[in-house]
Amino acid sequence: MTATGKATQFEYKALYKPNQLIYGLGQTAVITGWTVKQAIAKHLQPPEYAVIGQLYSPTRGINLLIRNLLFNPHVRFLVVLNATREDNNAGACQCLLDFFRNGFEEGVCDTGLRCWVIRSPIPGYIDLEVKASALEHLRESIKYQETKSISETVSLVKSYVQQKALAAWGLPLNFPMPTVEPTILPGPRYGHRIEGKTIAETWVKIIHRIKTTGTIRPTGYDGQWQELIDLMAIVTEEPTEFYFPEPNYLPIDRPFLEEYISQILDDAPSREGLKYTYGQRLRSWFGRDQIDQVIQKLIGEIDAASAVMNLWDVKDHEKGGSPCLNHIWLRVVDNELSLTATLRSNDMFAAWPANAMGLRALQRYIRDKISKSSEYNLKMGPLITISQSAHIYDDTWSNAEQLIKQQYATICRKIDYHDPAGNFLVEIAENEIVVTQTTPGSGEVVGCYSGKDALKLIREICTASPSIRGDHAGYLGMELQRASECLKTGAKYIQDSK
């Protein structure tokens, strides 16, 4: 306040994520973590704060937040609302506070690049392009305070307004930010299928597919993403206790997963400033426990095709903040319970592994409940996710590239020769190439193709069995060409011989 009692007005200018912030005219920046920023803003007037914004991730958000603060030296107070289970699970607010408490040191980020590493048990990074002297000056110049509730946050912000306005701690600072431009190969835009035994294996394949053929588009969040439309991921053999690679290259760990699973399985009370949880939508949002409904549905009609759970509320169109996970369908086939989930918008780098593990936990929970309450002892079938917008945000492109470089070739070397399209026996008989197709299990003959033209034969086979694996089709093409050459020269042909 000035000597006349009038609020001094400042202008906050954001270099990064400008459309994700609420702007005021004061000297206090408010970080709300996972609490929606509007829940704080509605209790304050613009002259009482400089900016209000959320912080979800320590590895993706803090670097941009610090850069914005460096460009706005009139901000002299920082209030960090660190109040929810989601805040504790993500650790972003704690890491930000640790930057001001403990400082930083030179190290490497999770992609192996040199950077400033925040001294915190929570990984947090700042670009090395930002001068250490500027970061130290920022730490010395801003008074920071952690809060645990909306009311405490509002009260603290209002108390700062009562103090005399402070001069800016320096001039606005802007440091060049490195960019990553992906190389994109041609590929289909709509409809993709990826399969793996574990969630970790499937995730690496997903990231590779998006990074190599995904379309780059602007997002509604001040950035870009690389996107594929309608990507179906199938996980066939995820173990009961979940597979975490060693060293762990997934963006989550076991403690995070335990908290996340509870957000899917358990109901949650409605609280001001907090969005729904998936568990809340499934358990009570529509006045019915949908998880219990599908359990009872399948116990009463094990072959039912209507074991459905819905998370989309028609009111979501009006108020925004609609759930990414919209629809869950369970099906029992041959004593095997599968779960198919539809996600309208899916961050495949940061969110999909947790989404998939949480859904797998839900699938197992339903399977176990059915087994305990009926004579059905169902096996765990596949988990299928259909991500309608499967995307990777530009602030994780470098992480994605590093993941592909380190893991994709290794995963591809773990070849499983099983092909649901069956097996193909190639031989020469009566001066023709003859290909016999058999089922993958019993070996029953289901198809026969013959001719002298290798290209014509492989096209015929792929037309009749469009789901044949790509590597299997390539192998068949080579064998058919070799058989064709033997047919021309009179040499003896034996499949798989050199």
# chains A, B, ... in the order shown; residues from 1 in each chain; ligands from 1

call {"tool": "residues_around", "arguments": {"residues": "A:His391", "least_positions_apart": "4", "cutoff": "6 Å", "atoms": "only C-alpha atoms", "output": "compact mmCIF listing (two decimals) with all heavy atoms, in the first residue's frame"}}
result
# COMPACT_ATOMS: atom_id res chain seq x y z
N GLN A 226 2.46 -33.63 -30.16
CA GLN A 226 2.54 -34.53 -31.29
C GLN A 226 1.49 -35.60 -31.05
O GLN A 226 1.47 -36.25 -30.00
CB GLN A 226 3.95 -35.13 -31.38
CG GLN A 226 4.29 -35.68 -32.75
CD GLN A 226 5.77 -35.95 -32.91
OE1 GLN A 226 6.57 -35.64 -32.04
NE2 GLN A 226 6.14 -36.53 -34.04
N GLU A 227 0.62 -35.82 -32.05
CA GLU A 227 -0.62 -36.55 -31.78
C GLU A 227 -0.92 -37.62 -32.82
O GLU A 227 -0.70 -37.44 -34.01
CB GLU A 227 -1.78 -35.55 -31.74
CG GLU A 227 -3.15 -36.18 -31.52
CD GLU A 227 -4.28 -35.18 -31.78
OE1 GLU A 227 -4.21 -34.48 -32.81
OE2 GLU A 227 -5.21 -35.13 -30.98
N ASP A 347 -2.35 -37.91 -22.31
CA ASP A 347 -0.92 -37.58 -22.30
C ASP A 347 -0.18 -38.90 -22.20
O ASP A 347 -0.05 -39.49 -21.13
CB ASP A 347 -0.62 -36.68 -21.11
CG ASP A 347 0.86 -36.29 -21.00
OD1 ASP A 347 1.69 -36.91 -21.70
OD2 ASP A 347 1.17 -35.39 -20.21
N MET A 348 0.34 -39.38 -23.33
CA MET A 348 0.90 -40.72 -23.38
C MET A 348 2.26 -40.81 -22.70
O MET A 348 2.66 -41.89 -22.27
CB MET A 348 1.01 -41.20 -24.84
CG MET A 348 -0.30 -41.14 -25.61
SD MET A 348 -1.70 -41.98 -24.81
CE MET A 348 -1.27 -43.70 -25.05

call {"tool": "residues_around", "arguments": {"residues": "A:Val332", "least_positions_apart": "4", "cutoff": "8 Å", "atoms": "only C-alpha atoms", "output": "ChimeraX atom specification"}}
result
/A:302-304,336-338

call {"tool": "write_last_selection", "arguments": {"atoms": "all heavy atoms", "output": "CSV table (one decimal), in the first residue's frame"}}
result
chain,number,residue,atom,x,y,z
A,302,ILE,N,-22.9,-63.7,-17.0
A,302,ILE,CA,-21.4,-63.7,-17.2
A,302,ILE,C,-21.1,-63.4,-18.6
A,302,ILE,O,-20.0,-62.9,-18.9
A,302,ILE,CB,-20.8,-65.1,-16.8
A,302,ILE,CG1,-19.3,-65.0,-16.5
A,302,ILE,CG2,-21.2,-66.2,-17.8
A,302,ILE,CD1,-18.9,-64.1,-15.4
A,303,ASP,N,-22.0,-63.6,-19.6
A,303,ASP,CA,-21.7,-63.4,-21.0
A,303,ASP,C,-22.2,-62.0,-21.4
A,303,ASP,O,-22.2,-61.6,-22.6
A,303,ASP,CB,-22.4,-64.4,-21.9
A,303,ASP,CG,-21.8,-65.8,-21.7
A,303,ASP,OD1,-20.6,-65.9,-21.5
A,303,ASP,OD2,-22.5,-66.8,-21.7
A,304,ALA,N,-22.6,-61.2,-20.4
A,304,ALA,CA,-23.2,-59.9,-20.8
A,304,ALA,C,-22.2,-59.0,-21.5
A,304,ALA,O,-21.0,-58.9,-21.2
A,304,ALA,CB,-23.6,-59.1,-19.5
A,336,GLU,N,-12.3,-65.5,-19.4
A,336,GLU,CA,-11.2,-64.5,-19.3
A,336,GLU,C,-11.9,-63.1,-19.3
A,336,GLU,O,-12.7,-62.8,-20.1
A,336,GLU,CB,-10.3,-64.6,-20.5
A,336,GLU,CG,-9.1,-63.8,-20.5
A,336,GLU,CD,-8.2,-64.1,-21.7
A,336,GLU,OE1,-8.5,-63.5,-22.8
A,336,GLU,OE2,-7.2,-64.8,-21.6
A,337,LEU,N,-11.5,-62.3,-18.2
A,337,LEU,CA,-12.1,-61.0,-18.1
A,337,LEU,C,-11.2,-59.9,-18.7
A,337,LEU,O,-10.0,-59.8,-18.2
A,337,LEU,CB,-12.3,-60.7,-16.6
A,337,LEU,CG,-12.8,-59.2,-16.3
A,337,LEU,CD1,-14.3,-59.1,-16.7
A,337,LEU,CD2,-12.7,-58.9,-14.8
A,338,SER,N,-11.6,-59.2,-19.7
A,338,SER,CA,-10.9,-58.1,-20.3
A,338,SER,C,-11.5,-56.8,-19.9
A,338,SER,O,-12.7,-56.8,-19.5
A,338,SER,CB,-10.9,-58.2,-21.8
A,338,SER,OG,-12.2,-58.1,-22.3

call {"tool": "select_by_dssp", "arguments": {"residues": "stretch 233-309 of chain A", "states": "strand (DSSP E)", "output": "short mmCIF file (atom, residue, chain, number, x, y, z; two decimals) with N, CA, C and O atoms, in the first residue's frame"}}
result
data_model
loop_
_atom_site.label_atom_id
_atom_site.label_comp_id
_atom_site.auth_asym_id
_atom_site.auth_seq_id
_atom_site.Cartn_x
_atom_site.Cartn_y
_atom_site.Cartn_z
N ALA A 233 -4.06 -49.59 -27.45
CA ALA A 233 -2.92 -50.27 -26.82
C ALA A 233 -3.44 -51.50 -26.08
O ALA A 233 -4.42 -51.41 -25.32
N ILE A 234 -2.79 -52.64 -26.28
CA ILE A 234 -3.23 -53.90 -25.67
C ILE A 234 -2.09 -54.44 -24.82
O ILE A 234 -0.97 -54.65 -25.31
N VAL A 235 -2.38 -54.65 -23.55
CA VAL A 235 -1.41 -55.21 -22.60
C VAL A 235 -1.89 -56.61 -22.23
O VAL A 235 -3.00 -56.76 -21.71
N ALA A 307 -21.68 -54.65 -19.51
CA ALA A 307 -21.02 -54.28 -18.25
C ALA A 307 -20.22 -53.01 -18.49
O ALA A 307 -19.03 -53.04 -18.80
N VAL A 308 -20.90 -51.88 -18.36
CA VAL A 308 -20.37 -50.58 -18.77
C VAL A 308 -20.31 -49.63 -17.59
O VAL A 308 -21.22 -49.60 -16.76
N MET A 309 -19.24 -48.83 -17.52
CA MET A 309 -19.15 -47.74 -16.56
C MET A 309 -18.86 -46.45 -17.33
O MET A 309 -18.01 -46.44 -18.23
#

call {"tool": "residues_around", "arguments": {"residues": "A:Tyr125", "least_positions_apart": "2", "cutoff": "6 Å", "atoms": "only C-alpha atoms", "output": "MDAnalysis selection string"}}
result
chainID A and resid 59 116:117

call {"tool": "select_by_dssp", "arguments": {"residues": "stretch 300-362 of chain A", "states": "helix (DSSP H, G or I)", "output": "number ranges by chain"}}
result
A: 300, 316-319, 352-362

call {"tool": "closest_residue", "arguments": {"among": "A:Leu362, A:Met478, A:Val75, A:Ala351", "to": "A:Ile291", "atoms": "only C-alpha atoms"}}
result
A:Leu362

call {"tool": "closest_atom_pairs", "arguments": {"of": "stretch 181-298 of chain A", "to": "stretch 13-21 of chain A", "cutoff": "10 Å", "atoms": "only C-alpha atoms", "output": "tab-separated table"}}
result
residue	atom	partner	partner_atom	distance
A:Gly220	CA	A:Asn19	CA	8.5
A:Tyr221	CA	A:Gln20	CA	6.7
A:Asp222	CA	A:Lys17	CA	5.1
A:Gly223	CA	A:Lys17	CA	7.6

call {"tool": "residues_around", "arguments": {"residues": "A:Ser467", "least_positions_apart": "3", "cutoff": "8 Å", "atoms": "only C-alpha atoms", "output": "MDAnalysis selection string"}}
result
chainID A and resid 420:421 462

call {"tool": "write_last_selection", "arguments": {"atoms": "all heavy atoms", "output": "PDB file, in the first residue's frame"}}
result
ATOM      1  N   PRO A 420      -1.379 -64.216 -34.066  1.00  0.00           N
ATOM      2  CA  PRO A 420      -2.772 -64.672 -34.053  1.00  0.00           C
ATOM      3  C   PRO A 420      -3.298 -65.055 -35.439  1.00  0.00           C
ATOM      4  O   PRO A 420      -4.277 -65.805 -35.545  1.00  0.00           O
ATOM      5  CB  PRO A 420      -3.534 -63.466 -33.491  1.00  0.00           C
ATOM      6  CG  PRO A 420      -2.516 -62.696 -32.731  1.00  0.00           C
ATOM      7  CD  PRO A 420      -1.233 -62.877 -33.468  1.00  0.00           C
ATOM      8  N   ALA A 421      -2.663 -64.527 -36.495  1.00  0.00           N
ATOM      9  CA  ALA A 421      -3.106 -64.871 -37.847  1.00  0.00           C
ATOM     10  C   ALA A 421      -2.728 -66.300 -38.219  1.00  0.00           C
ATOM     11  O   ALA A 421      -3.206 -66.827 -39.230  1.00  0.00           O
ATOM     12  CB  ALA A 421      -2.503 -63.903 -38.864  1.00  0.00           C
ATOM     13  N   CYS A 462      -1.940 -61.493 -47.474  1.00  0.00           N
ATOM     14  CA  CYS A 462      -2.183 -60.324 -46.618  1.00  0.00           C
ATOM     15  C   CYS A 462      -3.607 -59.798 -46.782  1.00  0.00           C
ATOM     16  O   CYS A 462      -4.184 -59.255 -45.834  1.00  0.00           O
ATOM     17  CB  CYS A 462      -1.173 -59.220 -46.933  1.00  0.00           C
ATOM     18  SG  CYS A 462       0.510 -59.611 -46.396  1.00  0.00           S
TER      19      CYS A 462
END

call {"tool": "residues_around", "arguments": {"residues": "A:Ile494", "least_positions_apart": "4", "cutoff": "9 Å", "atoms": "only C-alpha atoms", "output": "number ranges by chain"}}
result
A: 426-428, 483, 498

call {"tool": "residues_around", "arguments": {"residues": "A:Arg281", "least_positions_apart": "2", "cutoff": "12 Å", "atoms": "only C-alpha atoms", "output": "ChimeraX atom specification"}}
result
/A:263-270,275-279,283-291,309-313,322-328

call {"tool": "closest_residue", "arguments": {"among": "A:Tyr249, A:Trp203, A:Phe71, A:Phe349", "to": "A:Trp169", "atoms": "only C-alpha atoms"}}
result
A:Phe71
